[in-house]
Amino acid sequence: MKEFENDLGPLLRAFFPGEETQVSWGAGAEGPGQPAGGTGAEGPGQPAGGAGAEDPGQPAGGTADVSCIFESGGARLCVFGTEEFVPGEFGAGRLALKNDLKRAMYRLLSQKTGKQLPWGTLTGIRPTKLAYKGLMEGRSPEELAAWLQKDYYMSREKAAVSLEIAGTERALVERLPKDGLPLDKTFALYIGIPFCPSICLYCSFSSFAIDACRDMVEPYLDALFFEIEKTAELFAAEGKKPAAVYFGGGTPSSLAPEQMRRLLRKVKSCFDMSMVREVTFEAGRPDSLFGAGNPGDSAAERGYGSEKLAILREEGVGRISINPQSMNQKTLEFIGRRHTPGDVEAAVRLARDAGFSDINMDLILGLPGEGLDAVSETLSKVRALAPENLTVHSLALKRKSRLYLEWEKYRNLSFENTREIMDAAYQAARGMGLSPYYLYRQKDMAGNLENVGFCAPGKEGWYNVLIMEELCDILALGAGAASKRVFAPKDIRRCENVKDVGHYIKRVEEMVERKAELWRKQPAREF
């Protein structure tokens, strides 16, 4: 029953964001299995728990907002006192039953709240996979658009953007075999650097403030270099070559210049880079590029230099990220970023001077106190910088972020992201000559919306496309990195590295063995 819980719980929260809601699950007298136990779908800061599974044979309802009792021949769904029986089979037909339950729950919640969600019943992180799969099967865009709206209650606008993105992804992916690199012989390579100038309020990544742990940076790089060497040997033995390389984190440009150069050269010396389409390096925090000075000084006072950017160009990086998240100074201070909008502008100018013609900028919609006017001001300032890529994120309240852990301190603030705000971002991006090319979602996103990447023609991020559609293996190295091996569309197996930097350093040989074990299994499928 876990798979039902993972879909219906988030759907309930999407209709009641930030509110305390409860779901209970159970089995009727003739239903399958034993009660699954309670699952709380509580709001931020609330203890886990919930109503618990109901006793077998009792009617649906109880004290939970939503209850689902599995019976012979289907499931009895009760949503805020309104009951509906959904016929279906729990065994071989469990997927169809799950989708029918989601549709029934959506209808009942929509009736109660008067709301319609932009993505309908979809709660997974890759909604565009449906459109991509349909196009690959030869179905027409018109047929797919009607299907997405009818079967998943997706809005017309989201169905259209899903198909637009799927078409772009399909064209990119079909180029790889034509260029001599079939998907079963390639992979996406991720290198994680878990250090940042400071930790943002909303951040849930495995990141550490670099000033507080500089004595761990060199030991971390030593361990990472070992993992790079050993996994490169493993993949070379299988004849696999990377198609895209992504240095993320954290903020990789938090490293010292000579450390950045050593890292880039290590990757190039270990992996066969002959088929690499792009190398991306996140310099997302402008303050990670600063020279000497103190936080709060102007860019000029800090001796803002171009040394790191020059190293990136010299070592073959073609795509970088410079991510303001907001161009509102008050917001930047509140979320814990130690740079100004002016620093962002200076960083982009320096990147242009260094020769970068492919710059991504990240924005977050739904930050505290930012409504349409504040977001529009940010979009206007970003437009003046003319990035080739713009990634628009909807704020997600993650359990490991300070925002979530200290929710009582922030719960009275506005975290607003609406369709109107998201539409403004789409319009601004298209006004810059950028089109959407990849998209994903996260649980508990402001406005139940999405993260979407826009790009200028020919500037699509290969790494983003490959990992979003899970079309090839992903080799992810460093603390907290998660690798994936794609055996088949529904058989994707993971192995994860430990998140703590100290544990990673001590256990790096184990991290290598985890990957060796995964890739010793049966050969990957033919694509």
# chains A, B, ... in the order shown; residues from 1 in each chain; ligands from 1

$ residues_around --residues "region 468-473 of chain A" --least-positions-apart "2" --cutoff "9 Å" --atoms "only C-alpha atoms" --output "number ranges by chain"
A: 125-126, 128-129, 132, 169, 173, 183-189, 438-440, 463-466, 475, 483-487, 489, 492, 524, 527

$ select_by_dssp --residues "region 29-266 of chain A" --states "strand (DSSP E or B)" --output "ChimeraX atom specification"
/A:39-41,66-71,74-79,82-87,186-193,195-196,208-209,241-249

$ write_last_selection --atoms "C-alpha atoms" --output "PDB file, in the first residue's frame"
ATOM      1  CA  THR A  39       0.421   8.084   7.465  1.00  0.00           C
ATOM      2  CA  GLY A  40       0.372  11.689   8.478  1.00  0.00           C
ATOM      3  CA  ALA A  41       0.384  14.256   5.721  1.00  0.00           C
ATOM      4  CA  VAL A  66      -9.226  11.120   3.872  1.00  0.00           C
ATOM      5  CA  SER A  67      -9.453   7.374   4.373  1.00  0.00           C
ATOM      6  CA  CYS A  68      -9.008   4.527   1.948  1.00  0.00           C
ATOM      7  CA  ILE A  69     -10.190   1.010   2.778  1.00  0.00           C
ATOM      8  CA  PHE A  70      -9.157  -1.746   0.372  1.00  0.00           C
ATOM      9  CA  GLU A  71     -11.897  -4.331  -0.110  1.00  0.00           C
ATOM     10  CA  GLY A  74     -11.778  -2.300  -5.178  1.00  0.00           C
ATOM     11  CA  ALA A  75     -11.311   0.420  -2.574  1.00  0.00           C
ATOM     12  CA  ARG A  76     -13.667   2.621  -0.574  1.00  0.00           C
ATOM     13  CA  LEU A  77     -12.522   6.221  -0.567  1.00  0.00           C
ATOM     14  CA  CYS A  78     -13.891   8.797   1.875  1.00  0.00           C
ATOM     15  CA  VAL A  79     -12.874  12.426   1.398  1.00  0.00           C
ATOM     16  CA  THR A  82     -18.005  12.135   0.931  1.00  0.00           C
ATOM     17  CA  GLU A  83     -17.618   8.489   0.007  1.00  0.00           C
ATOM     18  CA  GLU A  84     -16.991   6.790  -3.317  1.00  0.00           C
ATOM     19  CA  PHE A  85     -16.288   3.152  -4.134  1.00  0.00           C
ATOM     20  CA  VAL A  86     -13.562   2.685  -6.763  1.00  0.00           C
ATOM     21  CA  PRO A  87     -13.664  -0.750  -8.427  1.00  0.00           C
ATOM     22  CA  THR A 186      27.110   6.659 -22.592  1.00  0.00           C
ATOM     23  CA  PHE A 187      26.341   8.150 -19.205  1.00  0.00           C
ATOM     24  CA  ALA A 188      25.869  11.480 -17.466  1.00  0.00           C
ATOM     25  CA  LEU A 189      28.668  12.317 -15.024  1.00  0.00           C
ATOM     26  CA  TYR A 190      28.001  14.342 -11.867  1.00  0.00           C
ATOM     27  CA  ILE A 191      30.761  15.617  -9.581  1.00  0.00           C
ATOM     28  CA  GLY A 192      29.549  16.969  -6.230  1.00  0.00           C
ATOM     29  CA  ILE A 193      31.335  19.652  -4.204  1.00  0.00           C
ATOM     30  CA  PHE A 195      30.684  23.468   0.113  1.00  0.00           C
ATOM     31  CA  CYS A 196      29.051  26.894  -0.073  1.00  0.00           C
ATOM     32  CA  PHE A 208      28.503  22.853   4.381  1.00  0.00           C
ATOM     33  CA  ALA A 209      29.637  26.448   4.956  1.00  0.00           C
ATOM     34  CA  LYS A 241      31.952   7.474 -22.345  1.00  0.00           C
ATOM     35  CA  PRO A 242      30.341  10.517 -20.708  1.00  0.00           C
ATOM     36  CA  ALA A 243      28.021  12.621 -22.848  1.00  0.00           C
ATOM     37  CA  ALA A 244      27.750  15.446 -20.329  1.00  0.00           C
ATOM     38  CA  VAL A 245      29.644  16.443 -17.201  1.00  0.00           C
ATOM     39  CA  TYR A 246      28.118  18.513 -14.412  1.00  0.00           C
ATOM     40  CA  PHE A 247      29.965  19.976 -11.431  1.00  0.00           C
ATOM     41  CA  GLY A 248      27.341  20.747  -8.784  1.00  0.00           C
ATOM     42  CA  GLY A 249      26.951  20.933  -5.057  1.00  0.00           C
TER      43      GLY A 249
END

$ residues_around --residues "Ser253 (chain A)" --least-positions-apart "6" --cutoff "10 Å" --atoms "only C-alpha atoms" --output "ChimeraX atom specification"
/A:193,195-197,247,259-260,281-290,308-309,312

$ select_by_dssp --residues "region 239-354 of chain A" --states "helix (DSSP H, G or I)" --output "PyMOL selection string"
chain A and resi 252-254+257-270+286-289+307-314+329-335+341-354

$ residues_around --residues "region 450-453 of chain A" --least-positions-apart "3" --cutoff "8 Å" --atoms "only C-alpha atoms" --output "list of chain:residue names"
A:Asn389, A:Leu390, A:Thr391, A:Val392, A:His393, A:Ser394, A:Pro436, A:Tyr437, A:Tyr438, A:Leu439, A:Tyr440, A:Arg441, A:Gln442, A:Met445

$ residues_around --residues "Leu97 (chain A)" --least-positions-apart "2" --cutoff "10 Å" --atoms "only C-alpha atoms" --output "number ranges by chain"
A: 4, 74-75, 86-95, 99-103

$ atom_distance --atom1 "CA of Arg349 (chain A)" --atom2 "CA of Met422 (chain A)"
27.3 Å

$ atom_distance --atom1 "CA of Asp65 (chain A)" --atom2 "CA of Gly81 (chain A)"
7.8 Å

$ closest_residue --among "A:Met136, A:Pro127, A:Arg277, A:Glu157" --to "Asp179 (chain A)" --atoms "only C-alpha atoms"
A:Arg277

$ atom_distance --atom1 "CA of Ile364 (chain A)" --atom2 "CA of Pro17 (chain A)"
17.8 Å
